[in-house]
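Step one of this worksheet: look at the structure below.
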Amino acid sequence: MKRRFFSFILTLAVFSQALFAQQVISDFTRQKVEEFITLRIGLKDREDEIAYRTILQMKDEALKELPAHALDQEQEECILESLYFLEYYEHSLASSGNQKELRSEMKKLMKRDMACIENRKEGQISEWLYQFTGDVTSYYMTRSVAATFFYGLSVKGYYEKAIEVNPKRVSSHVCLGNWRFYAPFLFGGGKNRAKRHFDDALDCAELPGEKYMAYIASSQIRFEKGDKEEAEKYMQMAFDLNLGRKELDTIAKCNKKGYSYYQYLRNRSGIDEEMAEDEKDEEDK
C-alpha cells in the first residue's frame, strides 16, 4: 500500500512539474497576444496615424499592467514589445516613411529577443518568444542581402522552434510557410513545402484572427499554383469573417490583375531594390 501511495505521489509530482514547465509566461501576456491577433486586422482599416497611436496606447497599458501578472517579466516584455512594434512598424512606415529609424528600432528589439532566448533553457521559452524573434528578424533583414544571408536560416529555425513548443500555433505555420515560399528550394523553400504549412494552419485555426491568416495564405498559395477557383473560395471565407476589408480588397485587386499577394508584398517591401547607403548599418555591408 505504501509503495503504491509513494508511486502515486511521484507520478503526480512529475506531472505537476511538466505542467509548470509549460507555463513559462503568464495568462495575461498570452491573452494579450491572442486578442491582438484578431484586433490587428480591424486596425488595418483605420488611418495609419490613428492606428499606430492606438497601438502605442495598447502597448503602454499592457506593459504597465504586466508586473502584476508576469511569470518571466523580461521574456514577457520582449513578447509584448515585439507584438505591438511589428504592427506599429507597418502603419508608421506607411505614414512617415522613416525606414532608417524604424529599422534601427527593429534591430534593438531583435538583439534583445535573441539574448532573451540565449539566456534561457528550451523548456523556459514560450512559443511566442520564438515566433516574434523570427518576425522581428525577418522584418529587419528585408532589403538587405547581407543581413538576409546572415539571418535567413535563423528565422526559419525560430519558427520551427515555435511549432515544436506548440504544434497548433497557426501564426508559426503561416510564417514558416511564407519563409518557404520566398526561400530558394536548396535551402528548404518551394511552393509545395509552403502549402503544407498553410494546410496545417487551416487544420489548427480556432481564433478569428488565426482563420483570417490561414484563409489568406491558403488562397494565395493556390493562386500561385494556378487553382483560381480554390483561391477565390478561401478569399470569400476570409471576407465572411467580417474582421476588416482593406487588406482583402487589396488582395482581390492584385489577383484580378493577375498576380498574388505574395508578389505584391515582395514589391512593396523593396526586397529586390538596392538599399540606400544612408540606410545601411554594419550588418548590411
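By order of appearance in the C-alpha cells: chains A, B, ..., then residues from 1 within every chain, and ligands from 1 in the order shown.
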
Item to complete: Excluding Leu71 in chain A and residues on its chain fewer than 2 positions from it, collect all residues at most 8 Å away from it, counting only C-alpha atoms, and give them as a PyMOL selection string.
Response: chain A and resi 24-26+69+73

Worksheet item: Counting only C-alpha atoms, which of A:Gln31, A:Asn255, A:Thr133, A:Gln57 gets nearest to Met106 in chain A?
Response: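 Selected residue with least distance to Met106 in chain A: A:Thr133.
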
Discussion item. What's the separation between CA of Val33 in chain A and CA of Lys121 in chain A, in Å to one decimal place?
Written reply: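 Rounded to one decimal, the two atoms are 22.3 Å apart.
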
Item to complete: With a distance cut-off of 12 Å and only C-alpha atoms, select the neighbouring residues of range 151-161 of chain A, excluding the residue or stretch itself and same-chain residues fewer than 4 positions from it, and output the selection as a ChimeraX atom specification.
Response: /A:107,110-111,113-114,117,122-123,125-142,144-147,165-184,186-189,197,283-284

Worksheet item: When distances are computed from only C-alpha atoms, which of A:Tyr259, A:Phe36, A:Tyr52, A:Tyr88 shows the smallest separation from Ile221 in chain A?
Response: A:Tyr259

Worksheet item: Pick the closest to Ala115 in chain A from A:Glu210, A:Asp199, A:Asp48, A:Glu74: which is it, counting only C-alpha atoms?
Response: A:Glu74

Worksheet entry | Shell of 12 Å around Tyr212 in chain A, only C-alpha atoms, local chain residues under 2 positions omitted, as a count of residues only | 38

Discussion item. One number please: CA of Gly258 in chain A to CA of Arg46 in chain A, in Å, one decimal.
Written reply: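 Interatomic distance, CA of Gly258 in chain A to CA of Arg46 in chain A: 27.0 Å.
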
Discussion item. Just checking: using only C-alpha atoms, which residue out of A:Lys191, A:Glu81, A:Ser104, A:Phe150 ends up closest to Lys225 in chain A?
Written reply: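 Distance minimum relative to Lys225 in chain A lands on A:Lys191.
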
Practice prompt. Quick one: pull the distance between CA of Lys195 in chain A and CA of Tyr261 in chain A, Å, one decimal.
Written response: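 Pair CA of Lys195 in chain A / CA of Tyr261 in chain A returns 14.7 Å.
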
Discussion item. For the alpha helix (DSSP H) assignment from backbone DSSP, which residues of range 1-167 of chain A qualify? Please present them as a ChimeraX atom specification.
Written reply: /A:2-22,27-43,48-65,73-96,99-118,127-141,145-165

Worksheet entry | From A:Ser260, A:Thr54, A:Ser92, A:Asn119, residue lying nearest Lys228 in chain A [only C-alpha atoms] |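 Among A:Ser260, A:Thr54, A:Ser92, A:Asn119, it is A:Ser260 that comes nearest to Lys228 in chain A.
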